[in-house]
Amino acid sequence: MYKIVKKRVLNPTVTMMDISAPLVAKKGKAGQFIILRVDKDGERIPLTIAGCDVENGTVKIIFQVVGGTTMSLNAKNEGEYIEDFVGPLGCPTKTDGIKKVCIVGGGVGCAIALPVAQEFHKLGAEVHSIVGFRNKDLVILEDEFKACSDKLTIMTDDGSCGRHGVVTLPLKEALESGERYDEVIAIGPVIMMKFVVATTKPFNVPTTVSMNPIMIDGTGMCGGCRLTVGGQTKFACVDGPDFNGFEVDFDEAIERSTMYSDFEKREREESCNLFRQEVK
């Protein structure tokens, strides 16, 4: 059992928790993930490590409440426990030789982008961060990004916070103005990452994308997280989650990501009905 040490609501649909897991905290690195179960009968879900506190033995996770399992997790409070918390899994984000980097995050993907930006900042790299949200009410981790970024640009679809528009707009402006990055790292919705790659490719800027498809075991055995990268089948859980964006088959990834939409909707509705009955 793993204790929830701290819980913080970042916006109406996104929650941050610190989980007591000393062994995971000791080994976890930016870009890796864990797999958890809320209770013994629950499903396994992957969540990216949003930070590790080795001294206190805690691991930070940030999740969006979108389905039955994340609703159950969100119903937990500080001092309560979750059943399983396994990790770290996956390969850490590569940082060697990168002196200037642009981190592009979208929505809840910014929770994954933040520890990557923090790691580069810690290593002394120049960090430019571009983060995008639908509106100001959904903006998360602004202060944290400011603290680790030499330049921060916030974009919102409706212009209610920062600049009006999508994340590829300031990225393209920067590249056209002569900015030269050793790497662009995009983390967010698959469609966003696809267009980030389309923006950087004409400038031949190396671009890494973080792929987070549906996973079950997290060890490469189930094959649920398979992707086509450079014409070959890769597994996000063991080969990634980071991949060369120029080689990812985004259209296939987008199609596969919608396979369980109806199931997720049904699970969410059933969970909502259960919570309503409990309240009565």
# chains A, B, ... in the order shown; residues from 1 in each chain; ligands from 1
>>> residues_around(residues="Asn74 in chain A", least_positions_apart="6", cutoff="10 Å", atoms="only C-alpha atoms", output="PyMOL selection string")
chain A and resi 7+9+13-17+38+63-65+68
>>> residues_around(residues="Lys6 in chain A", least_positions_apart="6", cutoff="12 Å", atoms="only C-alpha atoms", output="list in words")
Thr15, Met16, Met17, Asp18, Ile19, Ser20, Asn56, Thr58, Val59, Lys60, Ile61, Ile62, Lys76, Asn77, Glu78, Gly79, Glu80 and Tyr81 of chain A
>>> residues_around(residues="Pro22 in chain A", least_positions_apart="6", cutoff="12 Å", atoms="only C-alpha atoms", output="PyMOL selection string")
chain A and resi 2-3+28+52-60+85-88
>>> closest_residue(among="A:Gly67, A:Gly105, A:Pro115, A:Gly124", to="Ala30 in chain A", atoms="only C-alpha atoms")
A:Pro115
>>> select_by_dssp(residues="range 97-157 of chain A", states="strand (DSSP E)", output="list in words")
Lys100, Val101, Cys102, Ile103, Val104, Gly105, Gly106, Glu126, Val127, His128, Ser129, Ile130, Val131, Gly132, Phe133, Lys151, Leu152, Thr153, Ile154, Met155 and Thr156 of chain A
>>> write_last_selection(atoms="N, CA and C atoms", output="PDB file, in the first residue's frame")
ATOM      1  N   LYS A 100      20.898  23.892 -25.599  1.00  0.00           N
ATOM      2  CA  LYS A 100      19.766  24.798 -25.786  1.00  0.00           C
ATOM      3  C   LYS A 100      18.577  23.975 -26.258  1.00  0.00           C
ATOM      4  N   VAL A 101      17.479  24.042 -25.510  1.00  0.00           N
ATOM      5  CA  VAL A 101      16.346  23.172 -25.795  1.00  0.00           C
ATOM      6  C   VAL A 101      15.048  23.960 -25.734  1.00  0.00           C
ATOM      7  N   CYS A 102      14.104  23.558 -26.566  1.00  0.00           N
ATOM      8  CA  CYS A 102      12.761  24.137 -26.522  1.00  0.00           C
ATOM      9  C   CYS A 102      11.795  23.035 -26.113  1.00  0.00           C
ATOM     10  N   ILE A 103      11.120  23.247 -24.994  1.00  0.00           N
ATOM     11  CA  ILE A 103      10.134  22.298 -24.484  1.00  0.00           C
ATOM     12  C   ILE A 103       8.750  22.794 -24.864  1.00  0.00           C
ATOM     13  N   VAL A 104       7.989  21.970 -25.567  1.00  0.00           N
ATOM     14  CA  VAL A 104       6.640  22.337 -26.001  1.00  0.00           C
ATOM     15  C   VAL A 104       5.644  21.408 -25.316  1.00  0.00           C
ATOM     16  N   GLY A 105       4.784  21.977 -24.483  1.00  0.00           N
ATOM     17  CA  GLY A 105       3.809  21.178 -23.759  1.00  0.00           C
ATOM     18  C   GLY A 105       2.391  21.599 -24.074  1.00  0.00           C
ATOM     19  N   GLY A 106       1.488  20.636 -24.086  1.00  0.00           N
ATOM     20  CA  GLY A 106       0.092  20.935 -24.361  1.00  0.00           C
ATOM     21  C   GLY A 106      -0.826  20.337 -23.324  1.00  0.00           C
ATOM     22  N   GLU A 126      20.138  26.118 -21.710  1.00  0.00           N
ATOM     23  CA  GLU A 126      19.201  27.230 -21.930  1.00  0.00           C
ATOM     24  C   GLU A 126      17.858  26.616 -22.306  1.00  0.00           C
ATOM     25  N   VAL A 127      16.827  26.955 -21.535  1.00  0.00           N
ATOM     26  CA  VAL A 127      15.522  26.328 -21.701  1.00  0.00           C
ATOM     27  C   VAL A 127      14.486  27.349 -22.153  1.00  0.00           C
ATOM     28  N   HIS A 128      13.889  27.109 -23.311  1.00  0.00           N
ATOM     29  CA  HIS A 128      12.745  27.887 -23.768  1.00  0.00           C
ATOM     30  C   HIS A 128      11.527  26.972 -23.672  1.00  0.00           C
ATOM     31  N   SER A 129      10.491  27.426 -22.998  1.00  0.00           N
ATOM     32  CA  SER A 129       9.283  26.606 -22.832  1.00  0.00           C
ATOM     33  C   SER A 129       8.087  27.284 -23.495  1.00  0.00           C
ATOM     34  N   ILE A 130       7.337  26.497 -24.252  1.00  0.00           N
ATOM     35  CA  ILE A 130       6.082  26.960 -24.859  1.00  0.00           C
ATOM     36  C   ILE A 130       4.997  26.007 -24.374  1.00  0.00           C
ATOM     37  N   VAL A 131       4.007  26.535 -23.665  1.00  0.00           N
ATOM     38  CA  VAL A 131       2.943  25.682 -23.126  1.00  0.00           C
ATOM     39  C   VAL A 131       1.589  26.203 -23.594  1.00  0.00           C
ATOM     40  N   GLY A 132       0.696  25.282 -23.915  1.00  0.00           N
ATOM     41  CA  GLY A 132      -0.597  25.676 -24.461  1.00  0.00           C
ATOM     42  C   GLY A 132      -1.766  25.033 -23.725  1.00  0.00           C
ATOM     43  N   PHE A 133      -2.861  25.811 -23.615  1.00  0.00           N
ATOM     44  CA  PHE A 133      -4.070  25.355 -22.938  1.00  0.00           C
ATOM     45  C   PHE A 133      -5.287  25.897 -23.680  1.00  0.00           C
ATOM     46  N   LYS A 151      13.036  31.390 -21.040  1.00  0.00           N
ATOM     47  CA  LYS A 151      11.974  32.083 -21.768  1.00  0.00           C
ATOM     48  C   LYS A 151      10.728  31.209 -21.720  1.00  0.00           C
ATOM     49  N   LEU A 152       9.612  31.793 -21.319  1.00  0.00           N
ATOM     50  CA  LEU A 152       8.349  31.055 -21.236  1.00  0.00           C
ATOM     51  C   LEU A 152       7.280  31.763 -22.044  1.00  0.00           C
ATOM     52  N   THR A 153       6.602  31.001 -22.905  1.00  0.00           N
ATOM     53  CA  THR A 153       5.483  31.529 -23.682  1.00  0.00           C
ATOM     54  C   THR A 153       4.247  30.688 -23.379  1.00  0.00           C
ATOM     55  N   ILE A 154       3.185  31.353 -22.944  1.00  0.00           N
ATOM     56  CA  ILE A 154       1.921  30.672 -22.675  1.00  0.00           C
ATOM     57  C   ILE A 154       0.940  30.998 -23.790  1.00  0.00           C
ATOM     58  N   MET A 155       0.322  29.968 -24.336  1.00  0.00           N
ATOM     59  CA  MET A 155      -0.667  30.130 -25.398  1.00  0.00           C
ATOM     60  C   MET A 155      -2.013  29.587 -24.933  1.00  0.00           C
ATOM     61  N   THR A 156      -3.087  30.260 -25.296  1.00  0.00           N
ATOM     62  CA  THR A 156      -4.425  29.725 -25.043  1.00  0.00           C
ATOM     63  C   THR A 156      -5.262  29.834 -26.313  1.00  0.00           C
TER      64      THR A 156
END
>>> residues_around(residues="Thr69 in chain A", least_positions_apart="4", cutoff="8 Å", atoms="only C-alpha atoms", output="list in words")
Val38, Gly42, Glu43, Ile45 and Leu73 of chain A
>>> select_by_dssp(residues="range 143-272 of chain A", states="alpha helix (DSSP H)", output="PyMOL selection string")
chain A and resi 143-148+168-176+190-200+236-239+250-257+261-272
>>> closest_atom_pairs(of="range 120-183 of chain A", to="range 199-215 of chain A", cutoff="9 Å", atoms="only C-alpha atoms", output="Markdown table")
| residue | atom | partner | partner_atom | distance |
| --- | --- | --- | --- | --- |
| A:Thr168 | CA | A:Thr199 | CA | 6.7 |
| A:Leu169 | CA | A:Thr199 | CA | 9.0 |
| A:Leu171 | CA | A:Thr199 | CA | 7.7 |
| A:Lys172 | CA | A:Thr199 | CA | 6.3 |
| A:Leu175 | CA | A:Phe203 | CA | 7.3 |
| A:Glu176 | CA | A:Phe203 | CA | 8.6 |
| A:Arg180 | CA | A:Val205 | CA | 7.8 |
| A:Tyr181 | CA | A:Val205 | CA | 6.8 |
| A:Asp182 | CA | A:Pro206 | CA | 6.9 |
| A:Glu183 | CA | A:Pro206 | CA | 5.1 |
>>> write_last_selection(atoms="C-alpha atoms", output="tab-separated table (two decimals), in the first residue's frame")
chain	number	residue	atom	x	y	z
A	168	THR	CA	3.31	25.92	-33.08
A	169	LEU	CA	2.85	29.66	-33.72
A	171	LEU	CA	7.77	27.91	-32.25
A	172	LYS	CA	7.64	28.72	-35.96
A	175	LEU	CA	12.78	29.20	-35.86
A	176	GLU	CA	12.11	31.73	-38.63
A	180	ARG	CA	18.71	27.36	-33.19
A	181	TYR	CA	17.85	24.62	-30.76
A	182	ASP	CA	19.85	21.47	-30.19
A	183	GLU	CA	16.53	19.75	-29.57
>>> closest_residue(among="A:Gly224, A:Glu144, A:Lys194, A:Phe120", to="Glu247 in chain A", atoms="only C-alpha atoms")
A:Lys194
>>> residues_around(residues="Arg226 in chain A", least_positions_apart="4", cutoff="7 Å", atoms="only C-alpha atoms", output="count of residues only")
4
>>> atom_distance(atom1="CA of Gly188 in chain A", atom2="CA of Ile98 in chain A")
21.2 Å
>>> atom_distance(atom1="CA of Asp150 in chain A", atom2="CA of Ala25 in chain A")
27.1 Å
>>> closest_residue(among="A:Gly223, A:Gly230, A:Gly51, A:Gly31", to="Lys94 in chain A", atoms="only C-alpha atoms")
A:Gly31
>>> residues_around(residues="Asp137 in chain A", least_positions_apart="6", cutoff="12 Å", atoms="only C-alpha atoms", output="ChimeraX atom specification")
/A:10-14,107,156-161
>>> write_last_selection(atoms="all heavy atoms", output="CSV table (one decimal), in the first residue's frame")
chain,number,residue,atom,x,y,z
A,10,LEU,N,-5.1,21.2,-9.3
A,10,LEU,CA,-4.5,22.2,-10.2
A,10,LEU,C,-5.5,23.0,-11.0
A,10,LEU,O,-5.3,24.2,-11.3
A,10,LEU,CB,-3.4,21.6,-11.1
A,10,LEU,CG,-2.3,20.9,-10.4
A,10,LEU,CD1,-1.3,20.3,-11.5
A,10,LEU,CD2,-1.5,21.8,-9.5
A,11,ASN,N,-6.5,22.3,-11.5
A,11,ASN,CA,-7.6,23.0,-12.1
A,11,ASN,C,-8.8,22.0,-12.0
A,11,ASN,O,-8.7,20.9,-11.5
A,11,ASN,CB,-7.3,23.4,-13.6
A,11,ASN,CG,-7.1,22.2,-14.5
A,11,ASN,OD1,-7.8,21.2,-14.4
A,11,ASN,ND2,-6.2,22.4,-15.5
A,12,PRO,N,-10.0,22.4,-12.5
A,12,PRO,CA,-11.2,21.5,-12.3
A,12,PRO,C,-11.0,20.1,-12.8
A,12,PRO,O,-11.8,19.2,-12.3
A,12,PRO,CB,-12.3,22.2,-13.1
A,12,PRO,CG,-11.8,23.7,-13.1
A,12,PRO,CD,-10.3,23.6,-13.2
A,13,THR,N,-10.1,19.8,-13.7
A,13,THR,CA,-10.0,18.4,-14.2
A,13,THR,C,-8.6,17.8,-13.9
A,13,THR,O,-8.4,16.6,-14.3
A,13,THR,CB,-10.3,18.3,-15.7
A,13,THR,OG1,-9.3,19.1,-16.4
A,13,THR,CG2,-11.6,18.9,-16.0
A,14,VAL,N,-7.7,18.5,-13.3
A,14,VAL,CA,-6.3,18.0,-13.2
A,14,VAL,C,-5.9,18.1,-11.7
A,14,VAL,O,-6.1,19.1,-11.0
A,14,VAL,CB,-5.3,18.8,-14.0
A,14,VAL,CG1,-3.9,18.3,-13.8
A,14,VAL,CG2,-5.6,18.7,-15.5
A,107,GLY,N,-1.7,21.1,-22.7
A,107,GLY,CA,-2.7,20.7,-21.7
A,107,GLY,C,-2.0,19.9,-20.6
A,107,GLY,O,-1.0,20.4,-20.0
A,156,THR,N,-3.1,30.3,-25.3
A,156,THR,CA,-4.4,29.7,-25.0
A,156,THR,C,-5.3,29.8,-26.3
A,156,THR,O,-5.1,30.8,-27.1
A,156,THR,CB,-5.1,30.5,-23.9
A,156,THR,OG1,-5.0,31.9,-24.1
A,156,THR,CG2,-4.5,30.1,-22.6
A,157,ASP,N,-6.1,28.9,-26.5
A,157,ASP,CA,-7.0,28.8,-27.7
A,157,ASP,C,-7.8,30.1,-27.9
A,157,ASP,O,-8.1,30.5,-29.0
A,157,ASP,CB,-7.9,27.6,-27.7
A,157,ASP,CG,-7.1,26.3,-27.8
A,157,ASP,OD1,-5.8,26.4,-28.1
A,157,ASP,OD2,-7.6,25.2,-27.6
A,158,ASP,N,-8.3,30.6,-26.7
A,158,ASP,CA,-9.2,31.8,-26.8
A,158,ASP,C,-8.5,33.1,-26.4
A,158,ASP,O,-9.2,34.1,-26.4
A,158,ASP,CB,-10.4,31.5,-25.8
A,158,ASP,CG,-10.0,31.4,-24.4
A,158,ASP,OD1,-8.8,31.5,-24.1
A,158,ASP,OD2,-10.9,31.2,-23.5
A,159,GLY,N,-7.2,33.0,-26.1
A,159,GLY,CA,-6.5,34.3,-25.8
A,159,GLY,C,-6.7,34.8,-24.4
A,159,GLY,O,-6.3,35.9,-24.1
A,160,SER,N,-7.3,34.0,-23.5
A,160,SER,CA,-7.7,34.5,-22.2
A,160,SER,C,-6.5,34.5,-21.3
A,160,SER,O,-6.5,35.1,-20.2
A,160,SER,CB,-8.8,33.6,-21.6
A,160,SER,OG,-8.4,32.3,-21.5
A,161,CYS,N,-5.4,33.9,-21.7
A,161,CYS,CA,-4.1,34.0,-20.9
A,161,CYS,C,-3.0,33.9,-21.9
A,161,CYS,O,-3.0,33.1,-22.8
A,161,CYS,CB,-4.0,32.8,-19.9
A,161,CYS,SG,-2.5,32.8,-18.8
>>> closest_residue(among="A:Ala21, A:Met193, A:Ala75, A:Cys148", to="Met1 in chain A", atoms="only C-alpha atoms")
A:Ala21
>>> closest_residue(among="A:Val66, A:Cys91, A:Ile82, A:Ile187", to="Ala117 in chain A", atoms="only C-alpha atoms")
A:Ile187
>>> atom_distance(atom1="CA of Phe195 in chain A", atom2="CA of Asp251 in chain A")
11.5 Å
>>> closest_residue(among="A:Ser149, A:Val248, A:Gln32, A:Asp143", to="Leu47 in chain A", atoms="only C-alpha atoms")
A:Gln32
